[in-house]
Each structure stands twice: as structure tokens, then as C-alpha cells.
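Content type mmCIF, C-alpha atoms and all ligand atoms, from the file upload01.cif:
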data_target
loop_
_atom_site.label_atom_id
_atom_site.label_comp_id
_atom_site.auth_asym_id
_atom_site.auth_seq_id
_atom_site.Cartn_x
_atom_site.Cartn_y
_atom_site.Cartn_z
CA MET A 1 1.76 0.70 26.05
CA GLY A 2 1.69 -0.88 22.58
CA ALA A 3 -1.69 -2.43 23.30
CA SER A 4 -3.03 0.86 24.63
CA LEU A 5 -1.91 2.75 21.51
CA LEU A 6 -3.50 0.14 19.25
CA ARG A 7 -6.78 0.45 21.10
CA LEU A 8 -6.66 4.27 21.00
CA PHE A 9 -6.60 4.08 17.21
CA PHE A 10 -9.63 1.75 17.16
CA HIS A 11 -11.59 3.99 19.52
CA ASP A 12 -10.66 7.00 17.42
CA CYS A 13 -11.67 5.51 14.08
CA PHE A 14 -14.90 3.87 15.26
CA VAL A 15 -16.33 7.15 16.53
CA VAL A 16 -17.10 9.36 13.51
CA GLY A 17 -13.74 8.58 11.88
CA CYS A 18 -9.95 8.60 12.29
CA ASP A 19 -9.72 12.27 13.22
CA ALA A 20 -8.08 12.24 16.68
CA GLY A 21 -11.43 13.25 18.22
CA VAL A 22 -10.71 10.82 21.05
CA LEU A 23 -7.70 12.88 22.16
CA LEU A 24 -9.55 16.12 22.88
CA ASP A 25 -9.93 17.04 26.56
CA ASP A 26 -12.93 18.78 28.14
CA ASN A 27 -11.20 22.16 27.92
CA LEU A 28 -13.83 24.15 26.05
CA PRO A 29 -17.59 24.34 26.70
CA SER A 30 -18.11 22.95 23.18
CA ILE A 31 -16.06 19.83 23.89
CA ASP A 32 -17.87 17.00 25.71
CA SER A 33 -14.82 14.75 25.68
CA GLU A 34 -15.09 11.25 24.26
CA LYS A 35 -12.67 10.29 27.03
CA ASN A 36 -15.65 10.34 29.40
CA ALA A 37 -17.73 7.87 27.41
CA ARG A 38 -18.48 4.58 29.17
CA SER A 39 -16.04 2.49 27.11
CA ASN A 40 -13.25 5.05 27.47
CA ARG A 41 -13.38 6.43 31.00
CA ASN A 42 -10.78 4.86 33.34
CA SER A 43 -10.02 2.59 30.45
CA LEU A 44 -8.11 4.21 27.59
CA ARG A 45 -4.42 4.61 28.25
CA GLY A 46 -1.54 6.25 26.38
CA PHE A 47 -2.53 9.93 26.21
CA ASP A 48 0.71 11.11 27.83
CA LEU A 49 2.74 9.00 25.44
CA VAL A 50 0.89 10.49 22.46
CA ASP A 51 1.79 13.94 23.81
CA LYS A 52 5.44 12.91 23.94
CA ILE A 53 5.39 11.58 20.39
CA LYS A 54 3.72 14.78 19.21
CA GLY A 55 6.35 16.89 21.01
CA ALA A 56 9.22 14.96 19.45
CA LEU A 57 7.68 15.17 15.97
CA ASP A 58 6.95 18.87 16.13
CA LYS A 59 10.51 19.46 17.27
CA ALA A 60 11.90 17.40 14.40
CA CYS A 61 9.60 19.15 11.89
CA SER A 62 10.03 22.64 13.42
CA GLY A 63 6.28 22.94 13.91
CA PRO A 64 2.98 21.06 13.74
CA VAL A 65 3.20 19.23 10.41
CA VAL A 66 1.94 15.75 11.31
CA SER A 67 -1.65 15.48 12.53
CA CYS A 68 -2.56 13.74 15.78
CA ALA A 69 -4.80 11.44 13.73
CA ASP A 70 -1.80 10.30 11.65
CA ILE A 71 0.22 9.86 14.84
CA LEU A 72 -2.41 7.42 16.15
CA ALA A 73 -2.37 5.47 12.89
CA ILE A 74 1.42 5.15 12.82
CA ALA A 75 1.70 4.47 16.56
CA ALA A 76 -0.81 1.62 16.25
CA ARG A 77 1.17 0.04 13.42
CA ASP A 78 4.54 0.55 15.13
CA SER A 79 3.19 -0.92 18.36
CA VAL A 80 2.18 -4.10 16.58
CA VAL A 81 5.61 -4.32 14.91
CA GLU A 82 7.42 -3.63 18.18
CA LEU A 83 5.51 -6.45 19.88
CA GLY A 84 6.48 -8.96 17.20
CA GLY A 85 3.53 -8.64 14.81
CA PRO A 86 3.29 -7.81 11.11
CA SER A 87 3.99 -4.48 9.43
CA TRP A 88 1.99 -2.65 6.78
CA LEU A 89 2.03 0.63 4.88
CA VAL A 90 -0.11 3.28 6.55
CA PRO A 91 -1.74 5.77 4.17
CA LEU A 92 -1.24 9.27 5.61
CA GLY A 93 -2.74 12.74 5.28
CA ARG A 94 -5.46 12.65 7.93
CA ARG A 95 -6.29 15.96 9.59
CA ASP A 96 -7.56 16.61 13.10
CA ALA A 97 -11.17 17.24 14.09
CA ARG A 98 -12.31 20.50 15.68
CA THR A 99 -15.33 18.76 17.22
CA VAL A 100 -16.10 15.55 19.12
CA ASP A 101 -19.07 13.20 19.35
CA ARG A 102 -19.47 11.95 22.90
CA ALA A 103 -22.85 10.36 22.10
CA ALA A 104 -21.35 8.24 19.31
CA ALA A 105 -18.51 7.25 21.64
CA GLU A 106 -21.14 5.68 23.92
CA PHE A 107 -21.71 3.14 21.14
CA LEU A 108 -18.41 1.34 20.98
CA PRO A 109 -18.76 -2.47 20.84
CA SER A 110 -19.49 -4.07 24.21
CA PRO A 111 -17.70 -7.06 25.77
CA PHE A 112 -21.12 -8.38 26.84
CA SER A 113 -22.45 -8.67 23.28
CA ASP A 114 -23.39 -11.85 21.45
CA LEU A 115 -21.97 -12.73 18.04
CA GLN A 116 -24.91 -11.43 15.97
CA VAL A 117 -24.66 -8.03 17.66
CA LEU A 118 -20.90 -7.81 17.12
CA ILE A 119 -21.34 -8.70 13.46
CA LYS A 120 -24.03 -6.03 13.14
CA ASN A 121 -21.96 -3.36 14.92
CA PHE A 122 -19.09 -3.85 12.48
CA SER A 123 -21.26 -4.26 9.38
CA ASP A 124 -22.90 -0.92 10.25
CA LYS A 125 -19.45 0.57 9.63
CA GLY A 126 -18.85 -1.44 6.45
CA PHE A 127 -16.79 -4.30 7.90
CA THR A 128 -17.43 -7.96 7.14
CA ALA A 129 -17.67 -10.60 9.86
CA ARG A 130 -14.28 -11.87 8.74
CA GLU A 131 -12.76 -8.40 9.15
CA MET A 132 -14.37 -8.15 12.59
CA VAL A 133 -12.73 -11.43 13.60
CA ALA A 134 -9.35 -10.37 12.17
CA LEU A 135 -9.47 -7.02 14.00
CA SER A 136 -10.43 -8.78 17.23
CA GLY A 137 -7.08 -10.52 16.93
CA ALA A 138 -5.74 -7.29 18.45
CA HIS A 139 -6.76 -8.89 21.74
CA THR A 140 -3.60 -10.97 21.43
CA ILE A 141 -2.07 -8.14 23.52
CA GLY A 142 -3.19 -5.90 26.38
CA MET A 143 -5.10 -5.84 29.61
CA SER A 144 -8.66 -5.56 30.88
CA ARG A 145 -10.37 -4.59 34.09
CA CYS A 146 -12.14 -7.26 36.08
CA LEU A 147 -15.59 -5.69 35.87
CA LEU A 148 -15.69 -6.28 32.13
CA PHE A 149 -15.18 -10.04 32.24
CA ARG A 150 -16.42 -11.00 35.72
CA ASN A 151 -19.82 -12.14 34.57
CA HIS A 152 -18.32 -14.33 31.84
CA LEU A 153 -15.83 -15.74 34.33
CA TYR A 154 -18.40 -16.69 36.97
CA ASN A 155 -21.52 -17.33 34.91
CA GLY A 156 -20.16 -18.32 31.50
CA THR A 157 -20.55 -21.90 30.33
CA ASN A 158 -17.97 -22.03 27.57
CA LEU A 159 -14.65 -21.69 29.40
CA ASP A 160 -11.48 -23.53 30.40
CA VAL A 161 -12.03 -24.27 34.09
CA LEU A 162 -8.37 -24.18 35.15
CA VAL A 163 -7.62 -20.87 33.46
CA ALA A 164 -10.87 -19.46 34.82
CA SER A 165 -9.93 -20.43 38.33
CA ASP A 166 -6.58 -18.67 38.03
CA ARG A 167 -8.31 -15.57 36.64
CA LYS A 168 -10.80 -15.65 39.52
CA SER A 169 -7.93 -15.31 41.98
CA LYS A 170 -7.31 -11.82 40.60
CA CYS A 171 -10.91 -10.97 39.82
CA PRO A 172 -13.09 -11.75 42.83
CA SER A 173 -16.87 -12.07 42.40
CA ASN A 174 -17.18 -8.90 44.45
CA GLY A 175 -14.73 -5.98 44.49
CA GLY A 176 -11.49 -5.53 42.61
CA ASP A 177 -13.37 -4.01 39.66
CA ASP A 178 -10.22 -2.32 38.39
CA ASN A 179 -7.88 -5.31 38.86
CA LEU A 180 -6.20 -5.95 35.53
CA SER A 181 -5.84 -9.30 33.75
CA SER A 182 -4.22 -9.91 30.41
CA LEU A 183 -6.53 -10.50 27.46
CA ASP A 184 -4.36 -13.37 26.28
CA TYR A 185 -3.58 -15.83 29.02
CA GLN A 186 -0.16 -16.95 27.83
CA SER A 187 1.69 -14.20 25.99
CA PRO A 188 0.00 -10.82 26.56
CA ASN A 189 3.05 -8.83 25.47
CA ARG A 190 3.63 -10.60 22.21
CA PHE A 191 1.57 -10.08 19.08
CA GLY A 192 0.65 -13.31 17.31
CA ASN A 193 -2.26 -15.63 16.56
CA ASN A 194 -2.29 -16.85 20.16
CA TYR A 195 -5.65 -15.11 20.70
CA PHE A 196 -7.30 -17.49 18.23
CA GLN A 197 -5.57 -20.53 19.68
CA SER A 198 -6.84 -19.44 23.10
CA LEU A 199 -10.41 -19.13 21.83
CA ILE A 200 -10.28 -22.73 20.67
CA LYS A 201 -9.17 -23.69 24.18
CA ARG A 202 -12.16 -21.70 25.49
CA ARG A 203 -9.89 -19.14 27.12
CA GLY A 204 -11.49 -15.99 25.73
CA LEU A 205 -11.46 -13.32 28.43
CA PHE A 206 -14.62 -11.50 27.39
CA HIS A 207 -17.97 -12.99 26.55
CA SER A 208 -17.58 -11.17 23.22
CA ASP A 209 -14.21 -12.87 22.58
CA GLN A 210 -15.52 -16.37 23.19
CA GLU A 211 -18.57 -15.63 21.03
CA LEU A 212 -16.26 -15.74 18.00
CA PHE A 213 -15.74 -19.43 18.70
CA ASN A 214 -18.89 -20.76 20.26
CA GLY A 215 -20.52 -22.93 17.61
CA GLY A 216 -21.51 -20.00 15.37
CA SER A 217 -20.74 -18.72 11.88
CA THR A 218 -17.26 -17.42 12.71
CA ASP A 219 -15.85 -20.69 14.12
CA ASP A 220 -14.22 -21.53 10.79
CA ILE A 221 -12.42 -18.20 10.58
CA VAL A 222 -11.08 -18.57 14.12
CA MET A 223 -9.95 -22.08 13.27
CA THR A 224 -8.15 -20.85 10.14
CA TYR A 225 -6.37 -18.00 11.95
CA SER A 226 -5.35 -20.29 14.81
CA LYS A 227 -3.54 -22.61 12.41
CA ASP A 228 -2.31 -20.17 9.79
CA ILE A 229 -0.65 -17.07 11.19
CA GLN A 230 0.12 -15.73 7.70
CA THR A 231 -3.55 -15.65 6.74
CA PHE A 232 -4.34 -13.87 9.99
CA TYR A 233 -1.59 -11.32 9.38
CA THR A 234 -2.69 -10.63 5.81
CA ASP A 235 -6.30 -10.14 6.89
CA PHE A 236 -5.32 -8.09 9.93
CA GLN A 237 -3.11 -5.74 7.92
CA ASN A 238 -5.81 -5.19 5.29
CA ALA A 239 -8.46 -4.61 7.94
CA MET A 240 -6.23 -2.14 9.81
CA VAL A 241 -5.67 -0.13 6.62
CA LYS A 242 -9.42 -0.19 5.98
CA MET A 243 -10.15 0.91 9.54
CA GLY A 244 -7.58 3.70 9.16
CA ASN A 245 -9.35 4.92 6.02
CA PHE A 246 -12.67 5.28 7.83
CA ASN A 247 -13.92 8.87 7.40
CA PRO A 248 -10.65 10.79 7.64
CA LEU A 249 -10.62 14.58 7.35
CA THR A 250 -8.58 15.61 4.31
CA GLY A 251 -7.90 18.66 2.14
CA PHE A 252 -9.07 21.82 3.89
CA LYS A 253 -11.21 20.01 6.45
CA GLY A 254 -10.09 20.02 10.08
CA GLU A 255 -6.63 21.21 11.07
CA ILE A 256 -3.19 20.08 12.20
CA ARG A 257 -3.38 20.48 15.96
CA LYS A 258 -0.57 22.09 17.91
CA ASN A 259 -1.58 20.13 20.99
CA CYS A 260 -3.39 16.82 20.58
CA ARG A 261 -5.62 17.59 23.58
CA LYS A 262 -6.94 20.94 22.29
CA VAL A 263 -8.30 22.48 19.12
CA ASN A 264 -6.04 25.27 17.82
C1 LIG B 301 -14.95 -6.81 18.63
C2 LIG B 301 -15.32 -5.90 19.49
C3 LIG B 301 -14.46 -5.44 20.63
C4 LIG B 301 -14.83 -5.40 21.93
C5 LIG B 301 -16.18 -5.79 22.50
C6 LIG B 301 -13.69 -4.95 22.69
C7 LIG B 301 -13.68 -4.74 24.06
C8 LIG B 301 -12.56 -4.44 24.81
C9 LIG B 301 -12.56 -4.24 26.23
C10 LIG B 301 -13.80 -4.32 27.12
C11 LIG B 301 -11.28 -3.99 26.63
C12 LIG B 301 -10.77 -3.75 28.06
C13 LIG B 301 -11.10 -2.33 28.50
C14 LIG B 301 -10.85 -2.01 29.94
O1 LIG B 301 -10.16 -2.74 30.66
O2 LIG B 301 -11.36 -0.98 30.39
C15 LIG B 301 -10.46 -4.04 25.44
C16 LIG B 301 -9.11 -3.87 25.41
C17 LIG B 301 -8.36 -3.84 24.25
N1 LIG B 301 -8.86 -3.84 22.96
FE1 LIG B 301 -10.72 -4.34 22.41
N2 LIG B 301 -12.65 -4.72 21.83
C18 LIG B 301 -13.08 -4.99 20.56
C19 LIG B 301 -12.35 -4.82 19.41
C20 LIG B 301 -11.05 -4.35 19.37
C21 LIG B 301 -10.36 -3.94 18.17
C22 LIG B 301 -10.98 -3.92 16.77
C23 LIG B 301 -9.12 -3.56 18.55
C24 LIG B 301 -7.98 -3.02 17.70
C25 LIG B 301 -7.83 -3.23 16.41
C26 LIG B 301 -9.02 -3.76 19.98
C27 LIG B 301 -7.88 -3.57 20.74
C28 LIG B 301 -7.82 -3.71 22.11
C29 LIG B 301 -6.57 -3.70 22.86
C30 LIG B 301 -5.18 -3.66 22.26
C31 LIG B 301 -6.91 -3.75 24.21
C32 LIG B 301 -5.95 -3.68 25.42
C33 LIG B 301 -5.70 -2.23 25.76
C34 LIG B 301 -4.72 -1.96 26.86
O3 LIG B 301 -4.10 -2.87 27.39
O4 LIG B 301 -4.57 -0.76 27.20
N3 LIG B 301 -10.23 -4.20 20.44
N4 LIG B 301 -11.28 -4.29 24.34
C1 LIG B 302 -24.74 -2.99 18.19
O1 LIG B 302 -25.85 -3.54 17.55
C2 LIG B 302 -26.96 -3.69 18.40
C3 LIG B 302 -28.02 -4.46 17.64
O2 LIG B 302 -28.34 -3.80 16.46
C4 LIG B 302 -27.41 -2.31 18.88
O3 LIG B 302 -28.48 -2.46 19.80
C5 LIG B 302 -26.26 -1.64 19.60
O4 LIG B 302 -26.59 -0.34 19.96
C6 LIG B 302 -25.05 -1.62 18.70
N1 LIG B 302 -23.95 -1.14 19.45
C7 LIG B 302 -22.96 -0.56 18.89
C8 LIG B 302 -21.76 -0.52 19.73
O5 LIG B 302 -23.00 -0.11 17.76
C1 LIG B 303 -24.27 -14.30 37.66
O1 LIG B 303 -25.59 -14.18 37.17
C2 LIG B 303 -26.53 -13.84 38.16
C3 LIG B 303 -27.92 -13.93 37.51
O2 LIG B 303 -27.97 -13.13 36.37
C4 LIG B 303 -26.22 -12.45 38.70
O3 LIG B 303 -27.13 -12.08 39.70
C5 LIG B 303 -24.80 -12.48 39.29
O4 LIG B 303 -24.44 -11.17 39.67
C6 LIG B 303 -23.80 -12.99 38.25
N1 LIG B 303 -22.52 -13.14 38.89
C7 LIG B 303 -21.44 -12.45 38.55
C8 LIG B 303 -20.22 -12.70 39.33
O5 LIG B 303 -21.46 -11.66 37.62
C1 LIG B 304 -8.04 -7.56 43.39
O1 LIG B 304 -9.02 -6.90 44.14
C2 LIG B 304 -9.18 -7.38 45.46
C3 LIG B 304 -10.36 -6.68 46.06
O2 LIG B 304 -10.21 -5.30 45.96
C4 LIG B 304 -7.91 -7.21 46.22
O3 LIG B 304 -8.05 -7.69 47.53
C5 LIG B 304 -6.83 -7.98 45.54
O4 LIG B 304 -5.62 -7.78 46.17
C6 LIG B 304 -6.74 -7.61 44.07
N1 LIG B 304 -5.89 -8.60 43.45
C7 LIG B 304 -4.90 -8.26 42.66
C8 LIG B 304 -4.09 -9.38 42.13
O5 LIG B 304 -4.64 -7.12 42.36
#
Final C-alpha cells representation of the file:
Amino acid sequence: MGASLLRLFFHDCFVVGCDAGVLLDDNLPSIDSEKNARSNRNSLRGFDLVDKIKGALDKACSGPVVSCADILAIAARDSVVELGGPSWLVPLGRRDARTVDRAAAEFLPSPFSDLQVLIKNFSDKGFTAREMVALSGAHTIGMSRCLLFRNHLYNGTNLDVLVASDRKSKCPSNGGDDNLSSLDYQSPNRFGNNYFQSLIKRRGLFHSDQELFNGGSTDDIVMTYSKDIQTFYTDFQNAMVKMGNFNPLTGFKGEIRKNCRKVN
């Protein structure tokens, strides 16, 4: 679940801003839930767990004091810590959106993209290529469905043949679209710089992962992170704080939701 919570935070922040928009269900005519966007549907996990966290917090605070957006930010950090990764201070005070943007949610980065496109998608939001690589290190944990890496597995040229053949046993060329494989081949439940070491061994699961180490401009950064976990952690922490500061609602904007799935 740690991986799923980390990804929820990314998919919240990268659509409009870190405002818990991603948590709203289709329960009002005005809400075209971001949960139904291509990158989110049958893909995002952890909504029930967020509800549980919210319930426990509201009980402890005798009411809705902590926003769902802040819950996602803290849960992402705590997940990384719990799985053996670094810790960082999370600035708080985000408030929750009363609207969603399904159309923007259709433009989350794609696992089929080439390096130049990934760089552009992050620079459009103010992130450097180095920050994009550091944030991608989140793929040191978690799972993916077969349909998102099948083409890379069967048609890709830059991959470790033995690892690919093992992955093919769980992701057939036809069918099994929803079969899950871990993003990191060796230690999917442990946060570390293993993702970067895997890229050097040509074990990236997605085309987009392997693009970060495929003879292009980000090879050096991958190489650095693979050898120096401290540099990766420092960059990852800073990039996570920056991501968490992307367009939050503050002051009198938005609200503190009573239920993370509904506007008040
Ligand atoms: C660089 C562009 C990125 C692309 C193209 C990408 C793509 C993907 C895809 C396709 C999946 C699998 C989804 C599924 O099975 O339905 C995934 C999973 C995941 N992504 Fe990314 N991602 C990117 C960046 C990030 C960032 C910045 C973070 C967090 C900081 C992140 C965290 C995760 C995690 C933790 C998982 C596993 C989730 C789970 O097991 O529930 N990703 N990503
Ligand atoms: C990423 O950038 C490409 C190239 O500019 C663009 O076509 C695509 O829509 C962008 N996608 C996202 C996820 O922003
Ligand atoms: C491999 O590429 C070919 C040609 O683009 C495509 O028809 C085929 O579906 C791909 N195979 C897989 C398993 O994605
Ligand atoms: C993957 O999908 C195929 C086809 O649906 C299925 O036969 C197979 O048992 C699945 N493999 C795993 C490991 O889940």
C-alpha cells in the first residue's frame, strides 16, 4: 500500500495541484471524477486506506481539522519511511478542492513516452530533468499491470533478456492485461536506489523507465544515483517537497472535507 499512497500523491499534485481532487468520487453531476481518467481507472489504489486514515484523524481531532490533501502528502512521506527510504519535513496547510479536472487528469505522463517527451511534461510543470529522474526513483517500489509494459517487453531492444523472459511468464503477449509485476525486479517492497541500478542493467519495466538510461542526456544522473544513494535521497526529498508545493489551496480557498470522497 505504501507504493499506492505515494503514487496517489503524485497523481493528485500533477493534476491542477495538491488539492485532493483525485479523491473525489462521481457523486455529484458537477464531479467528473479524475478516478475515471485513463491513467487512474483500474490503476490507482489506496482510497479505502485514505478513508481509514481520515476517520482516525477526525476522531483524534474531534472533527475535520486536517485536509485530505495534507493526508496524501504525509501518507506519501510516511510510506517511503516505512519502506526503508528517507524522511523529510512536509510543509502543511493545504486545503481541499471543491472541483475536479478530469480533462487534465487525462494528461498524466505515459509509460510509452520517449525521454524528450518526459522531460517536456515535467518542465511544463516547472521541474528540471534531474528532478524528473529523482522523482522517477519512486518506481523503486510498487506494481504495474501487464498492458502498460507488454510492448516494451516484447518489442523493446534495450532490455535484460533473462529478466524479460521471467516477466513474460506473467505477462503473456496476449491476455493477462491486469496481471501485476513489480516495477523493481529485485526488491519491490523496499525503498532504495535499486531502481537506478536496475536501469543500468537494462531492467526498466516501462519504456519510459528505460528511457532515462538509454544513451541520452539523463544517463549521467541515473549513473550518479545508482552509485550514491545519499545524493538520490537528497534530490528525491527536495523534489517531493517541491511537488507537494505545487498549486496548493490555502487561506480561504477550498475547504477541509468531512469525507475525502465528497465535497462538503
Ligand atoms: C516519469 C513519469 C512517470 C510515468 C510514465 C509513470 C507511470 C506509471 C505507471 C504506468 C504505473 C503502473 C500503473 C498501473 O499498473 O496501472 C506506475 C506506478 C507507480 N508509479 Fe509511476 N510514473 C511516473 C512517475 C512517477 C512519480 C513521479 C511517482 C511518485 C513520486 C510515481 C510513483 C509510482 C508508484 C509508487 C507506482 C506503483 C503504484 C502501486 O503499486 O500501486 N511514478 N507509474
Ligand atoms: C507530454 O508532452 C508531449 C510533447 O509536448 C505532449 O504531446 C503530451 O500531451 C504531454 N503529455 C503530458 C502527460 O503532459
Ligand atoms: C510489437 O510491435 C508490433 C508492430 O508495431 C505490434 O503489432 C505488436 O502488437 C507488438 N507486440 C506487442 C506484444 O506489443
Ligand atoms: C496472467 O494472465 C494469463 C492470461 O489471462 C493467465 O493465464 C495467467 O495465469 C496470469 N498469470 C499470472 C501469474 O497471474
Surrounding residues as a PDB file with C-alpha atoms, in the frame of the given file, ligand LIG 303 (chain B), max 6 Å, all atoms listed in the file:
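The result, stored in pocket.pdb:
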ATOM      1  CA  ARG A 150     -16.420 -11.000  35.720  1.00  0.00           C
ATOM      2  CA  ASN A 151     -19.820 -12.140  34.570  1.00  0.00           C
ATOM      3  CA  TYR A 154     -18.400 -16.690  36.970  1.00  0.00           C
ATOM      4  CA  ASN A 155     -21.520 -17.330  34.910  1.00  0.00           C
ATOM      5  CA  SER A 173     -16.870 -12.070  42.400  1.00  0.00           C
TER       6      SER A 173
END
Separation of atom CA of Arg167 of chain A and atom CA of Met143 of chain A, in Å? 12.4 Å
Between A:Asn247, A:Thr231, A:Asn194, A:Ser144, which one has atoms that come closest to Asp19 of chain A, using all atoms listed in the file? A:Asn247
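Nearest residue to Pro111 of chain A, choosing from A:Cys146, A:Cys18, A:Leu24, A:Leu49 and counting all atoms listed in the file: A:Cys146.
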Enumerate residues in contact with ligand LIG 302 (chain B): an atom-to-atom distance of at most 7 Å, counting all atoms listed in the file. Format the result as a list of chain:residue names. A:Phe107, A:Leu108, A:Pro109, A:Ser110, A:Val117, A:Leu118, A:Lys120, A:Asn121
Could you list, as a short mmCIF file (atom, residue, chain, number, x, y, z; two decimals) with C-alpha atoms, keeping the file's coordinate frame, all residues that come within 6 Å of ligand LIG 301 (chain B)? Count only C-alpha atoms and all ligand atoms.
data_model
loop_
_atom_site.label_atom_id
_atom_site.label_comp_id
_atom_site.auth_asym_id
_atom_site.auth_seq_id
_atom_site.Cartn_x
_atom_site.Cartn_y
_atom_site.Cartn_z
CA ALA A 3 -1.69 -2.43 23.30
CA SER A 4 -3.03 0.86 24.63
CA LEU A 6 -3.50 0.14 19.25
CA ARG A 7 -6.78 0.45 21.10
CA PHE A 10 -9.63 1.75 17.16
CA SER A 43 -10.02 2.59 30.45
CA ARG A 45 -4.42 4.61 28.25
CA PRO A 109 -18.76 -2.47 20.84
CA SER A 110 -19.49 -4.07 24.21
CA PRO A 111 -17.70 -7.06 25.77
CA LEU A 135 -9.47 -7.02 14.00
CA SER A 136 -10.43 -8.78 17.23
CA ALA A 138 -5.74 -7.29 18.45
CA HIS A 139 -6.76 -8.89 21.74
CA ILE A 141 -2.07 -8.14 23.52
CA GLY A 142 -3.19 -5.90 26.38
CA MET A 143 -5.10 -5.84 29.61
CA SER A 144 -8.66 -5.56 30.88
CA ARG A 145 -10.37 -4.59 34.09
CA LEU A 148 -15.69 -6.28 32.13
CA SER A 208 -17.58 -11.17 23.22
#
Report, in Å to a single decimal, how far apart atom CA of Gly21 of chain A and atom CA of Arg95 of chain A are.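 Computing the Euclidean distance for atom CA of Arg95 of chain A and atom CA of Gly21 of chain A yields 10.4 Å.
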Do you have the atom CA of Leu147 of chain A-atom CA of Ala105 of chain A distance handy?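 Distance between the two atoms: 19.5 Å.
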Within 6 Å of ligand LIG 304 (chain B), counting all atoms listed in the file, residues as an mmCIF file with C-alpha atoms, in the frame of the given file:
data_model
loop_
_atom_site.group_PDB
_atom_site.id
_atom_site.type_symbol
_atom_site.label_atom_id
_atom_site.label_comp_id
_atom_site.auth_asym_id
_atom_site.auth_seq_id
_atom_site.Cartn_x
_atom_site.Cartn_y
_atom_site.Cartn_z
ATOM 1 C CA LYS A 170 -7.310 -11.820 40.600
ATOM 2 C CA CYS A 171 -10.910 -10.970 39.820
ATOM 3 C CA GLY A 175 -14.730 -5.980 44.490
ATOM 4 C CA GLY A 176 -11.490 -5.530 42.610
ATOM 5 C CA ASN A 179 -7.880 -5.310 38.860
#
